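Structure file run08.cif; described as mmCIF, C-alpha atoms and all ligand atoms.
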```cif
data_data
loop_
_atom_site.label_atom_id
_atom_site.label_comp_id
_atom_site.auth_asym_id
_atom_site.auth_seq_id
_atom_site.Cartn_x
_atom_site.Cartn_y
_atom_site.Cartn_z
CA MET A 1 123.87 15.79 40.37
CA HIS A 2 122.32 12.59 39.06
CA GLU A 3 124.32 10.45 36.68
CA VAL A 4 124.02 7.14 34.91
CA SER A 5 125.19 4.55 37.44
CA GLY A 6 128.73 3.23 37.58
CA ALA A 7 128.76 -0.03 35.62
CA TRP A 8 126.53 1.25 32.84
CA ARG A 9 128.35 4.54 32.68
CA ARG A 10 131.71 2.84 32.31
CA ALA A 11 130.38 0.46 29.66
CA ALA A 12 128.53 3.18 27.80
CA ARG A 13 131.44 5.67 27.93
CA GLY A 14 133.85 3.00 26.76
CA ALA A 15 131.60 2.29 23.81
CA GLY A 16 131.19 5.96 22.95
CA LEU A 17 127.48 5.98 23.86
CA LEU A 18 127.69 8.87 26.33
CA THR A 19 128.95 12.40 25.92
CA GLU A 20 131.33 14.02 28.45
CA ASP A 21 128.39 15.43 30.40
CA GLY A 22 126.71 12.02 30.58
CA SER A 23 124.02 12.53 27.92
CA ALA A 24 123.24 9.84 25.39
CA VAL A 25 125.02 10.37 22.07
CA PRO A 26 122.14 10.59 19.56
CA THR A 27 122.02 7.66 17.15
CA ILE A 28 123.18 8.41 13.62
CA PHE A 29 119.59 7.82 12.49
CA ALA A 30 118.13 10.40 14.87
CA GLU A 31 120.90 12.85 13.97
CA MET A 32 120.32 12.48 10.24
CA SER A 33 116.51 12.62 10.51
CA ALA A 34 116.89 15.84 12.51
CA LEU A 35 119.18 17.19 9.79
CA ALA A 36 116.54 16.31 7.17
CA GLY A 37 113.91 18.08 9.29
CA ARG A 38 116.05 21.21 9.68
CA THR A 39 117.06 21.47 6.04
CA GLY A 40 113.91 20.16 4.36
CA ALA A 41 116.08 17.63 2.50
CA LEU A 42 114.64 14.32 1.28
CA ASN A 43 115.33 11.79 4.02
CA LEU A 44 116.95 8.69 2.55
CA GLY A 45 118.77 8.23 5.86
CA GLN A 46 116.79 6.58 8.64
CA GLY A 47 115.18 3.32 7.55
CA PHE A 48 111.47 3.93 7.93
CA PRO A 49 108.99 3.60 5.08
CA ASP A 50 106.75 6.20 3.47
CA ASP A 51 104.07 3.54 2.98
CA ASP A 52 101.46 2.81 5.59
CA ALA A 53 100.61 -0.67 6.82
CA PRO A 54 98.21 -2.95 4.90
CA ALA A 55 94.65 -1.75 5.62
CA PRO A 56 93.55 -4.90 7.53
CA VAL A 57 96.47 -4.49 9.94
CA LEU A 58 95.54 -0.87 10.70
CA GLU A 59 91.89 -1.81 11.04
CA ALA A 60 92.72 -4.63 13.47
CA ALA A 61 94.67 -2.17 15.66
CA ARG A 62 91.78 0.32 15.67
CA GLU A 63 89.38 -2.49 16.48
CA ALA A 64 91.59 -3.78 19.32
CA ILE A 65 91.77 -0.31 20.89
CA ALA A 66 88.04 0.32 20.43
CA SER A 67 87.11 -3.02 21.95
CA GLY A 68 89.19 -2.37 25.07
CA ARG A 69 92.22 -4.60 24.55
CA ASN A 70 94.32 -1.95 26.22
CA GLN A 71 95.67 -3.62 29.36
CA TYR A 72 98.70 -5.82 30.01
CA PRO A 73 98.85 -8.79 27.67
CA PRO A 74 100.30 -12.09 29.01
CA GLY A 75 104.07 -12.16 29.63
CA ARG A 76 104.98 -14.25 26.61
CA GLY A 77 102.58 -12.36 24.35
CA GLU A 78 98.94 -12.58 23.27
CA PRO A 79 98.17 -16.26 22.61
CA ASP A 80 96.70 -15.34 19.23
CA LEU A 81 99.90 -13.58 18.18
CA LEU A 82 102.02 -16.50 19.42
CA ALA A 83 99.83 -18.81 17.33
CA ALA A 84 100.13 -16.53 14.30
CA ILE A 85 103.95 -16.44 14.60
CA ALA A 86 104.00 -20.26 14.78
CA GLU A 87 101.73 -20.45 11.72
CA HIS A 88 103.93 -17.96 9.86
CA GLN A 89 107.14 -19.88 10.59
CA ALA A 90 105.52 -23.19 9.55
CA HIS A 91 103.93 -21.74 6.43
CA TRP A 92 106.90 -19.81 5.05
CA TYR A 93 109.81 -21.91 6.24
CA GLY A 94 108.51 -25.28 7.47
CA ILE A 95 109.75 -24.50 10.99
CA PRO A 96 107.62 -26.26 13.64
CA LEU A 97 107.25 -24.24 16.87
CA ASP A 98 105.29 -24.75 20.07
CA PRO A 99 103.62 -21.36 20.62
CA GLU A 100 103.53 -21.89 24.38
CA THR A 101 107.22 -22.55 24.97
CA GLU A 102 109.25 -21.67 21.89
CA ILE A 103 108.11 -18.11 21.08
CA LEU A 104 108.26 -14.82 22.98
CA VAL A 105 106.83 -11.44 21.91
CA THR A 106 109.15 -8.48 22.56
CA ALA A 107 109.23 -4.69 22.28
CA GLY A 108 110.61 -4.74 18.76
CA ALA A 109 113.55 -6.76 17.56
CA THR A 110 115.68 -4.41 19.67
CA GLU A 111 114.35 -5.74 22.97
CA ALA A 112 114.71 -9.32 21.75
CA LEU A 113 118.37 -8.58 20.95
CA ALA A 114 118.93 -6.81 24.28
CA ALA A 115 117.30 -9.53 26.38
CA THR A 116 119.12 -12.28 24.48
CA ILE A 117 122.55 -10.72 24.84
CA LEU A 118 121.97 -9.91 28.52
CA ALA A 119 120.68 -13.44 29.13
CA LEU A 120 123.45 -15.34 27.38
CA VAL A 121 126.71 -13.47 27.92
CA ASP A 122 128.60 -13.78 31.16
CA GLY A 123 131.28 -11.17 31.62
CA PRO A 124 134.18 -9.66 29.76
CA ASP A 125 135.65 -12.94 28.53
CA ASP A 126 132.54 -13.80 26.54
CA GLU A 127 132.57 -12.75 22.90
CA VAL A 128 129.82 -11.93 20.45
CA VAL A 129 130.79 -12.32 16.79
CA VAL A 130 129.10 -10.05 14.23
CA PHE A 131 129.69 -9.03 10.66
CA GLU A 132 130.95 -5.49 10.19
CA PRO A 133 129.55 -3.00 9.25
CA TYR A 134 126.87 -3.78 11.85
CA TYR A 135 123.57 -2.31 12.98
CA ASP A 136 124.53 0.23 15.64
CA ALA A 137 122.54 -1.37 18.46
CA TYR A 138 124.69 -4.52 18.35
CA ALA A 139 127.84 -2.84 19.59
CA ALA A 140 125.91 -0.80 22.14
CA LEU A 141 124.11 -3.82 23.59
CA VAL A 142 127.23 -5.98 23.74
CA ALA A 143 129.02 -3.13 25.54
CA LEU A 144 126.17 -2.65 27.99
CA ALA A 145 126.18 -6.40 28.70
CA GLY A 146 129.90 -6.13 29.52
CA ALA A 147 131.00 -8.57 26.81
CA ARG A 148 133.38 -8.19 23.87
CA LEU A 149 132.38 -7.57 20.27
CA VAL A 150 134.42 -9.44 17.65
CA THR A 151 133.84 -8.39 14.06
CA VAL A 152 134.28 -10.04 10.69
CA PRO A 153 134.55 -7.45 7.92
CA LEU A 154 132.31 -7.45 4.86
CA ARG A 155 133.90 -5.94 1.80
CA TRP A 156 132.57 -3.83 -1.03
CA PRO A 157 131.00 -4.63 -3.44
CA ASP A 158 129.31 -7.96 -2.60
CA PHE A 159 129.70 -7.75 1.19
CA GLN A 160 130.15 -11.50 1.69
CA PRO A 161 132.61 -12.41 4.47
CA ASP A 162 135.93 -14.11 3.88
CA LEU A 163 135.47 -17.62 5.31
CA ASP A 164 138.97 -17.78 6.77
CA ARG A 165 138.39 -14.56 8.69
CA LEU A 166 135.08 -15.93 9.91
CA ARG A 167 136.82 -19.12 11.10
CA ALA A 168 139.48 -17.09 12.87
CA ALA A 169 136.88 -14.97 14.68
CA VAL A 170 134.91 -17.82 16.23
CA THR A 171 136.65 -19.51 19.17
CA ASP A 172 135.73 -21.21 22.42
CA ARG A 173 135.25 -17.72 23.88
CA THR A 174 132.41 -17.09 21.41
CA ARG A 175 129.08 -17.18 23.19
CA ILE A 176 126.92 -15.79 20.38
CA ILE A 177 127.28 -15.54 16.61
CA LEU A 178 124.83 -12.75 15.74
CA VAL A 179 123.81 -12.79 12.09
CA ASN A 180 121.68 -10.11 10.46
CA ASP A 181 120.35 -11.56 7.19
CA PRO A 182 119.24 -9.74 5.01
CA HIS A 183 121.85 -7.34 6.26
CA ASN A 184 121.61 -3.73 7.37
CA PRO A 185 123.40 -1.58 6.19
CA THR A 186 124.76 -3.44 3.13
CA GLY A 187 121.64 -5.20 1.78
CA ALA A 188 123.64 -8.44 1.51
CA VAL A 189 121.97 -11.83 1.73
CA PHE A 190 124.55 -14.34 2.91
CA SER A 191 125.42 -17.26 0.67
CA ARG A 192 124.60 -20.89 1.54
CA GLU A 193 128.31 -21.45 2.00
CA VAL A 194 128.57 -18.68 4.60
CA ALA A 195 125.44 -19.89 6.40
CA GLY A 196 126.73 -23.47 6.48
CA GLU A 197 130.06 -22.32 7.89
CA ILE A 198 128.32 -20.34 10.64
CA VAL A 199 126.43 -23.45 11.73
CA ARG A 200 129.57 -25.62 11.65
CA LEU A 201 131.54 -23.08 13.69
CA ALA A 202 128.75 -22.65 16.24
CA ASP A 203 128.62 -26.40 16.65
CA ARG A 204 132.39 -26.78 16.96
CA HIS A 205 132.67 -24.03 19.59
CA ASP A 206 129.32 -24.56 21.29
CA ALA A 207 128.05 -21.05 20.52
CA VAL A 208 124.45 -19.91 20.21
CA ILE A 209 123.42 -18.52 16.82
CA VAL A 210 121.18 -15.46 17.10
CA THR A 211 119.62 -14.28 13.86
CA ASP A 212 118.17 -10.85 13.17
CA GLU A 213 115.70 -11.41 10.35
CA VAL A 214 113.74 -8.15 10.46
CA TYR A 215 114.07 -7.89 6.65
CA GLU A 216 112.98 -11.51 6.07
CA HIS A 217 110.20 -10.56 3.66
CA LEU A 218 112.27 -7.95 1.86
CA THR A 219 114.44 -10.09 -0.42
CA PHE A 220 114.51 -9.42 -4.14
CA ASP A 221 116.00 -12.34 -6.00
CA GLN A 222 115.51 -15.39 -3.84
CA PRO A 223 113.24 -16.38 -0.96
CA HIS A 224 114.63 -15.87 2.54
CA VAL A 225 116.20 -18.97 4.12
CA PRO A 226 116.33 -18.76 7.93
CA LEU A 227 119.61 -20.03 9.35
CA SER A 228 117.70 -22.20 11.80
CA THR A 229 116.50 -24.39 8.89
CA LEU A 230 120.03 -25.53 8.07
CA PRO A 231 120.95 -29.03 9.25
CA GLY A 232 122.13 -28.99 12.86
CA ALA A 233 121.12 -25.36 13.47
CA ALA A 234 117.68 -25.53 15.10
CA ASP A 235 118.90 -26.73 18.51
CA ARG A 236 121.24 -23.77 18.97
CA THR A 237 119.52 -20.93 17.13
CA LEU A 238 117.36 -18.09 18.41
CA SER A 239 115.57 -16.33 15.53
CA ILE A 240 114.48 -12.71 15.91
CA SER A 241 112.11 -10.73 13.74
CA SER A 242 109.76 -7.80 13.92
CA ALA A 243 106.58 -6.39 12.42
CA GLY A 244 108.16 -2.99 11.79
CA LYS A 245 109.68 -3.56 8.35
CA THR A 246 107.34 -6.22 6.98
CA PHE A 247 104.18 -4.25 7.70
CA SER A 248 105.57 -0.70 7.61
CA VAL A 249 104.82 -0.11 11.31
CA THR A 250 108.25 0.76 12.69
CA GLY A 251 106.64 2.83 15.47
CA TRP A 252 104.66 -0.08 16.91
CA LYS A 253 107.75 -1.93 18.17
CA VAL A 254 106.33 -5.43 18.07
CA GLY A 255 109.02 -8.07 17.68
CA TRP A 256 109.44 -11.72 18.54
CA ILE A 257 112.03 -14.38 19.19
CA SER A 258 111.73 -18.12 18.68
CA GLY A 259 113.87 -21.18 19.21
CA PRO A 260 114.54 -23.99 21.68
CA ALA A 261 112.34 -23.71 24.78
CA GLU A 262 115.23 -23.49 27.27
CA LEU A 263 116.86 -20.62 25.36
CA VAL A 264 113.56 -18.74 25.00
CA ARG A 265 112.99 -19.24 28.74
CA ALA A 266 116.35 -17.62 29.47
CA VAL A 267 115.46 -14.63 27.26
CA LEU A 268 112.03 -14.30 28.91
CA ALA A 269 113.72 -14.17 32.32
CA VAL A 270 115.41 -10.92 31.23
CA LYS A 271 112.62 -9.50 29.04
CA GLN A 272 110.24 -9.73 31.99
CA TRP A 273 112.34 -7.14 33.84
CA LEU A 274 112.96 -4.87 30.90
CA THR A 275 109.42 -4.12 29.74
CA TYR A 276 107.41 -6.99 31.29
CA VAL A 277 104.99 -6.80 28.35
CA ASN A 278 104.38 -4.42 25.44
CA ALA A 279 102.10 -3.18 22.68
CA GLY A 280 98.79 -4.68 23.93
CA PRO A 281 96.44 -3.64 21.11
CA PHE A 282 99.12 -3.90 18.43
CA GLN A 283 99.70 -7.58 19.13
CA PRO A 284 96.34 -8.72 17.66
CA ALA A 285 96.93 -6.37 14.72
CA VAL A 286 100.31 -7.99 13.97
CA ALA A 287 98.64 -11.42 14.24
CA THR A 288 96.25 -10.25 11.51
CA GLY A 289 99.22 -9.13 9.42
CA LEU A 290 101.10 -12.41 9.74
CA ARG A 291 98.02 -14.26 8.46
CA LEU A 292 97.56 -12.09 5.37
CA PRO A 293 97.70 -13.90 2.02
CA ASP A 294 101.12 -14.60 0.48
CA ALA A 295 100.35 -12.07 -2.25
CA THR A 296 100.45 -9.25 0.30
CA PHE A 297 103.98 -10.19 1.32
CA THR A 298 105.20 -10.61 -2.25
CA ALA A 299 103.67 -7.25 -3.17
CA ILE A 300 105.57 -5.57 -0.32
CA ALA A 301 108.86 -7.07 -1.59
CA ALA A 302 108.03 -6.16 -5.22
CA ARG A 303 107.35 -2.54 -4.26
CA LEU A 304 110.64 -2.32 -2.45
CA ARG A 305 112.47 -4.00 -5.32
CA ALA A 306 111.10 -1.32 -7.66
CA GLY A 307 112.34 1.30 -5.18
CA ARG A 308 115.77 -0.32 -5.11
CA ASP A 309 115.92 -0.24 -8.92
CA THR A 310 114.85 3.41 -9.14
CA LEU A 311 117.34 4.41 -6.47
CA GLY A 312 120.17 2.33 -7.97
CA ALA A 313 119.64 3.83 -11.42
CA GLY A 314 119.49 7.34 -9.95
CA LEU A 315 122.69 6.87 -7.97
CA ARG A 316 124.53 5.48 -11.00
CA ALA A 317 123.31 8.35 -13.17
CA ALA A 318 124.64 10.78 -10.57
CA GLY A 319 128.08 9.14 -10.78
CA PHE A 320 128.14 6.88 -7.72
CA ALA A 321 129.34 3.28 -7.93
CA VAL A 322 126.50 1.13 -6.60
CA SER A 323 126.36 -2.24 -4.82
CA THR A 324 123.05 -3.83 -5.80
CA PRO A 325 121.41 -5.20 -2.64
CA ALA A 326 119.72 -8.62 -2.54
CA GLY A 327 117.45 -7.56 0.32
CA SER A 328 116.64 -5.01 3.05
CA TYR A 329 115.64 -1.35 2.85
CA PHE A 330 119.10 -0.16 1.83
CA THR A 331 121.53 0.45 -1.02
CA VAL A 332 125.21 1.19 -0.45
CA ALA A 333 126.96 3.50 -2.91
CA ASP A 334 130.59 4.54 -3.21
CA ALA A 335 131.00 8.30 -3.40
CA ALA A 336 134.72 8.07 -4.30
CA PRO A 337 134.00 8.55 -8.05
CA LEU A 338 132.44 11.89 -7.03
CA GLY A 339 135.63 12.92 -5.30
CA ALA A 340 134.58 12.03 -1.73
CA VAL A 341 137.26 10.92 0.70
CA ASP A 342 135.23 10.97 3.92
CA ALA A 343 131.64 9.67 3.80
CA ALA A 344 130.74 11.38 7.10
CA ALA A 345 131.75 14.80 5.76
CA PHE A 346 130.08 13.99 2.43
CA CYS A 347 126.79 13.14 4.22
CA ARG A 348 126.93 16.24 6.38
CA GLU A 349 127.24 18.37 3.23
CA LEU A 350 124.75 16.42 1.13
CA PRO A 351 121.58 18.24 2.32
CA ALA A 352 123.01 21.65 1.35
CA ARG A 353 124.56 20.38 -1.84
CA ALA A 354 121.80 18.12 -3.16
CA GLY A 355 118.81 18.33 -0.77
CA VAL A 356 119.18 14.65 0.16
CA VAL A 357 120.07 12.95 3.45
CA ALA A 358 122.01 9.66 3.61
CA ILE A 359 124.04 7.79 6.22
CA PRO A 360 127.83 7.25 6.12
CA LEU A 361 128.74 3.57 6.42
CA THR A 362 131.41 4.52 8.93
CA ALA A 363 128.56 4.92 11.44
CA PHE A 364 128.19 1.12 11.33
CA ALA A 365 131.90 0.35 11.73
CA SER A 366 134.25 -0.03 14.67
CA GLU A 367 137.03 2.49 15.05
CA ALA A 368 139.57 -0.09 13.96
CA HIS A 369 137.86 -0.70 10.61
CA ARG A 370 136.32 2.67 9.81
CA ASP A 371 138.91 3.36 7.09
CA GLU A 372 137.70 0.39 5.06
CA TYR A 373 134.31 2.06 4.58
CA ALA A 374 135.60 5.62 4.29
CA THR A 375 133.79 6.61 1.09
CA LEU A 376 130.66 4.42 1.33
CA VAL A 377 127.18 5.84 1.90
CA ARG A 378 123.86 4.11 2.73
CA PHE A 379 120.66 5.27 1.02
CA ALA A 380 117.20 4.02 2.05
CA ALA A 381 114.98 2.77 -0.80
CA CYS A 382 111.85 2.37 1.37
CA LYS A 383 110.41 5.68 0.17
CA ARG A 384 107.62 6.58 -2.29
CA PRO A 385 108.53 6.31 -6.01
CA ASP A 386 108.17 10.07 -6.50
CA VAL A 387 110.53 10.72 -3.57
CA LEU A 388 113.14 8.37 -5.03
CA GLU A 389 112.76 9.97 -8.48
CA GLU A 390 113.12 13.44 -7.02
CA ALA A 391 116.16 12.40 -4.95
CA SER A 392 117.73 10.90 -8.09
CA ALA A 393 117.11 14.10 -10.05
CA ARG A 394 118.59 16.23 -7.27
CA LEU A 395 121.70 14.05 -7.01
CA ALA A 396 122.16 14.07 -10.79
CA ALA A 397 121.89 17.86 -10.83
CA ALA A 398 124.29 18.29 -7.91
CA PHE A 399 127.19 16.18 -9.22
N1 LIG B 401 117.75 -5.01 13.48
C1 LIG B 401 118.01 -4.39 12.33
C2 LIG B 401 119.02 -4.98 11.40
C3 LIG B 401 117.38 -3.21 12.01
O1 LIG B 401 117.65 -2.57 10.86
C4 LIG B 401 116.46 -2.66 12.92
C5 LIG B 401 115.89 -1.30 12.64
N2 LIG B 401 114.71 -1.27 12.31
C6 LIG B 401 116.20 -3.35 14.10
C7 LIG B 401 116.87 -4.52 14.36
C8 LIG B 401 115.24 -2.85 15.11
O2 LIG B 401 113.96 -3.38 14.94
P1 LIG B 401 112.75 -2.91 15.88
O3 LIG B 401 112.35 -1.57 15.44
O4 LIG B 401 111.71 -3.95 15.65
O5 LIG B 401 113.26 -2.91 17.28
N1 LIG B 402 116.76 0.41 11.52
C1 LIG B 402 116.67 1.73 11.04
C2 LIG B 402 117.88 2.06 10.18
O1 LIG B 402 118.81 1.30 10.10
C3 LIG B 402 116.57 2.81 12.08
C4 LIG B 402 116.34 2.39 13.47
C5 LIG B 402 116.65 3.51 14.43
O2 LIG B 402 116.42 4.68 14.16
N2 LIG B 402 117.20 3.14 15.54
O3 LIG B 402 117.88 3.09 9.57
#
```

Whole structure, structure tokens version:
Amino acid sequence: MHEVSGAWRRAARGAGLLTEDGSAVPTIFAEMSALAGRTGALNLGQGFPDDDAPAPVLEAAREAIASGRNQYPPGRGEPDLLAAIAEHQAHWYGIPLDPETEILVTAGATEALAATILALVDGPDDEVVVFEPYYDAYAALVALAGARLVTVPLRWPDFQPDLDRLRAAVTDRTRIILVNDPHNPTGAVFSREVAGEIVRLADRHDAVIVTDEVYEHLTFDQPHVPLSTLPGAADRTLSISSAGKTFSVTGWKVGWISGPAELVRAVLAVKQWLTYVNAGPFQPAVATGLRLPDATFTAIAARLRAGRDTLGAGLRAAGFAVSTPAGSYFTVADAAPLGAVDAAAFCRELPARAGVVAIPLTAFASEAHRDEYATLVRFAACKRPDVLEEASARLAAAF
């Protein structure tokens, strides 16, 4: 009988990632998409868009495949994509980057996160601080790296952290403060005050800040401000992003990480042995995307903002209390006014009851804090207007 090897098995079991027979526990997203498939319900669960990528991005991928760019790209990434990422960071945020030493292309943001955590943490005494609820991969990756996850709760309805709790969570054991902004699952954009405190704490305790900015172009009320642009942050911040959300190509898995050369070098040392390289013909296509006119990016955000508004109005009309997100694909709603006491049970019943699939926020919470999110549900707004209208009508009819 073949099994997952010892160290990984222990870490994965401890983190609830493996079943008794050693199989991977399916992610909540896979489970809920399968439920949508089985029941024919509208899938407002897993965060993938109905839209396709901008036409020039798709054309560039077709062209790259047709012209034979189908073999291993260089280890750090296609030079043209590295240049386009540097141009993008300079153009949107005024961040200067050397494409040869300060940027690395990865297999999605997920590989950048995995390689960074594996590169920087050193055993069970090292801690990674995250806001909770958190994207599910964070807890899994920290567990697989053998480190400890320390969480700072975000509270309904604005999901900003309490600064005293943040201060208490960061100590000399903290190796990484991992900040997802805009935030999945809550849609929060963290205030300047919170961002400033993160930088001060990282400096005081000599921690590395790792940002997950995959929703950087999906903010609704204010432009995205990368944490690395705050005074004192650039020297200790690794910034991660991905093409998936910005260009509606979640299946391409092209991500990148940028920051100080010595930190990027450490991440490359791990990434090289995870995938070596990835997504050959999609790299030039993403370079094309990153160089599209500003209007393309603002149109993507405007479309999603309209989706957020349609979904928010629909959820309110159906009787949910709604937290209006400042960014990301997602809207969190409280199902307590509809009589729900357990969001997981509510979401399991929702396809039969209303023909809609959503994700319980408890799936993004540690066991210790699950109760705090007991009646909250995440809905994805990255769907076509007619799908959001139909979902709203179904929810209104069901409750
Ligand atoms: N981080 C967050 C916060 C996400 O929501 C996602 C999901 N798309 C990822 C990382 C993973 O990104 P990728 O698909 O580029 O690996
Ligand atoms: N990021 C997406 C979400 O939060 C899904 C990613 C996945 O399926 N792993 O819904």

Show me, as a PyMOL selection string, the residues that have an atom within 8 Å of Ala352 of chain A when counting all atoms listed in the file, minus same-chain residues fewer than 3 positions from it.
chain A and resi 39+349+355

Got time to write the residues from that selection, C-alpha atoms, as a short mmCIF file (atom, residue, chain, number, x, y, z; two decimals), in the coordinates of the input?
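This went into again.cif:
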```
data_model
loop_
_atom_site.label_atom_id
_atom_site.label_comp_id
_atom_site.auth_asym_id
_atom_site.auth_seq_id
_atom_site.Cartn_x
_atom_site.Cartn_y
_atom_site.Cartn_z
CA THR A 39 117.06 21.47 6.04
CA GLU A 349 127.24 18.37 3.23
CA GLY A 355 118.81 18.33 -0.77
#
```

Calculated over all atoms listed in the file, which of the candidates A:Arg370, A:His91, A:His183, A:Arg38 has the smallest distance to ligand LIG 401 (chain B)?
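Checking each candidate against ligand LIG 401 (chain B), we get A:His183 as the closest.
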
Using all atoms listed in the file, which of the listed residues (A:Val377, A:Ile117, A:Ile95, A:Ala354) sits closest to Val210 of chain A?
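Selected residue with least distance to Val210 of chain A: A:Ile117.
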
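Those protein and nucleic acid residues that have any atom within 7 Å of ligand LIG 402 (chain B) are, using only C-alpha atoms and all ligand atoms, A:Thr27, A:Phe29, A:Ala30, A:Gly45, A:Gln46, A:Gly47, A:Phe48, A:Tyr135, A:Asn184, A:Pro185.
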
Let me have all residues with an atom within 6 Å of ligand LIG 401 (chain B), counting all atoms listed in the file, laid out as a list in words.
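These are the residues that qualify: Gly108, Ala109, Thr110, Tyr135, Asn180, Asn184, Asp212, Val214, Ser242, Gly244, Thr250, Lys253 and Gly255 of chain A.
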
Val267 of chain A environment, 7 Å, all atoms listed in the file, sequence neighbours closer than 5 positions dropped, as an mmCIF file with C-alpha atoms, in the coordinates of the input:
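The resulting file, selection09.cif, is shown below:
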```
data_model
loop_
_atom_site.group_PDB
_atom_site.id
_atom_site.type_symbol
_atom_site.label_atom_id
_atom_site.label_comp_id
_atom_site.auth_asym_id
_atom_site.auth_seq_id
_atom_site.Cartn_x
_atom_site.Cartn_y
_atom_site.Cartn_z
ATOM 1 C CA ALA A 115 117.300 -9.530 26.380
ATOM 2 C CA THR A 116 119.120 -12.280 24.480
ATOM 3 C CA ALA A 119 120.680 -13.440 29.130
#
```

Let me have the centre and edge lengths in Å, one decimal, of the box along x, y and z around every listed atom of segment 303-310 of chain A with 4 Å of margin on each side, as AutoDock Vina command-line options.
```
--center_x 111.6 --center_y -0.3 --center_z -5.8 --size_x 16.6 --size_y 15.4 --size_z 14.7
```

Neighbour list for segment 32-34 of chain A as a PyMOL selection string, cut-off 10 Å, only C-alpha atoms, skip fewer than 5 positions in-chain:
chain A and resi 26-27+39-47+347-348+351+357-359

Using all atoms listed in the file, which of the listed residues (A:Arg165, A:Arg265, A:Arg175, A:Arg394) sits closest to Leu104 of chain A?
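Once distances to Leu104 of chain A are computed over all atoms listed in the file, the minimum belongs to A:Arg265.
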
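Among the candidate residues A:Phe297, A:Trp252, A:Tyr215, A:Phe159, the one lying nearest to His88 of chain A is A:Phe297, with distances computed using all atoms listed in the file.
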
May I ask which of the residues A:Thr211, A:Ser241, A:Thr219, A:Thr171 is the closest one to Ala306 of chain A, counting all atoms listed in the file?
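Using all atoms listed in the file, Ala306 of chain A sits closest to A:Thr219.
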
Just checking: using all atoms listed in the file, which residue out of A:Leu178, A:Pro360, A:Leu376, A:Asp52 ends up closest to Ala139 of chain A?
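Closest candidate: A:Leu178.
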
If you count all atoms listed in the file, which residues fall within 6 Å of segment 286-294 of chain A, apart from same-chain ones fewer than 3 positions away, as a VMD selection string?
chain A and resid 57 81 84 283 297

The selected residues should be written to file as a PDB file, keeping the file's coordinate frame (atoms: C-alpha atoms).
```pdb
ATOM      1  CA  VAL A  57      96.470  -4.490   9.940  1.00  0.00           C
ATOM      2  CA  LEU A  81      99.900 -13.580  18.180  1.00  0.00           C
ATOM      3  CA  ALA A  84     100.130 -16.530  14.300  1.00  0.00           C
ATOM      4  CA  GLN A 283      99.700  -7.580  19.130  1.00  0.00           C
ATOM      5  CA  PHE A 297     103.980 -10.190   1.320  1.00  0.00           C
TER       6      PHE A 297
END
```

Expected answer as a PyMOL selection string: all residues with atoms within 10 Å of (101.0, -15.8, 23.4), only C-alpha atoms
chain A and resi 73-85+99-101+103-105+283

What does the structure give for the distance between atom CA of Gly280 of chain A and atom CA of Ala266 of chain A, in Å to one decimal?
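Computed distance, atom CA of Gly280 of chain A to atom CA of Ala266 of chain A, equals 22.5 Å.
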
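With all atoms listed in the file taken into account, the protein and nucleic acid residues at most 6 Å from segment 128-130 of chain A (excluding it and anything under 4 positions from it in its own chain) are Leu149, Val150, Thr151, Thr174, Arg175, Ile176, Ile177 and Leu178 of chain A.
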
Please return, as an mmCIF file with C-alpha atoms, keeping the file's coordinate frame, all polymer residues that have at least one atom within 12 Å of the point (128.2, -24.9, 11.8); use only C-alpha atoms and the file's own coordinate frame.
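Contents of part.cif, freshly written:
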```cif
data_model
loop_
_atom_site.group_PDB
_atom_site.id
_atom_site.type_symbol
_atom_site.label_atom_id
_atom_site.label_comp_id
_atom_site.auth_asym_id
_atom_site.auth_seq_id
_atom_site.Cartn_x
_atom_site.Cartn_y
_atom_site.Cartn_z
ATOM 1 C CA LEU A 166 135.080 -15.930 9.910
ATOM 2 C CA ARG A 167 136.820 -19.120 11.100
ATOM 3 C CA VAL A 170 134.910 -17.820 16.230
ATOM 4 C CA ILE A 177 127.280 -15.540 16.610
ATOM 5 C CA ARG A 192 124.600 -20.890 1.540
ATOM 6 C CA GLU A 193 128.310 -21.450 2.000
ATOM 7 C CA VAL A 194 128.570 -18.680 4.600
ATOM 8 C CA ALA A 195 125.440 -19.890 6.400
ATOM 9 C CA GLY A 196 126.730 -23.470 6.480
ATOM 10 C CA GLU A 197 130.060 -22.320 7.890
ATOM 11 C CA ILE A 198 128.320 -20.340 10.640
ATOM 12 C CA VAL A 199 126.430 -23.450 11.730
ATOM 13 C CA ARG A 200 129.570 -25.620 11.650
ATOM 14 C CA LEU A 201 131.540 -23.080 13.690
ATOM 15 C CA ALA A 202 128.750 -22.650 16.240
ATOM 16 C CA ASP A 203 128.620 -26.400 16.650
ATOM 17 C CA ARG A 204 132.390 -26.780 16.960
ATOM 18 C CA HIS A 205 132.670 -24.030 19.590
ATOM 19 C CA ASP A 206 129.320 -24.560 21.290
ATOM 20 C CA ALA A 207 128.050 -21.050 20.520
ATOM 21 C CA VAL A 208 124.450 -19.910 20.210
ATOM 22 C CA ILE A 209 123.420 -18.520 16.820
ATOM 23 C CA LEU A 227 119.610 -20.030 9.350
ATOM 24 C CA SER A 228 117.700 -22.200 11.800
ATOM 25 C CA LEU A 230 120.030 -25.530 8.070
ATOM 26 C CA PRO A 231 120.950 -29.030 9.250
ATOM 27 C CA GLY A 232 122.130 -28.990 12.860
ATOM 28 C CA ALA A 233 121.120 -25.360 13.470
ATOM 29 C CA ALA A 234 117.680 -25.530 15.100
ATOM 30 C CA ASP A 235 118.900 -26.730 18.510
ATOM 31 C CA ARG A 236 121.240 -23.770 18.970
ATOM 32 C CA THR A 237 119.520 -20.930 17.130
#
```
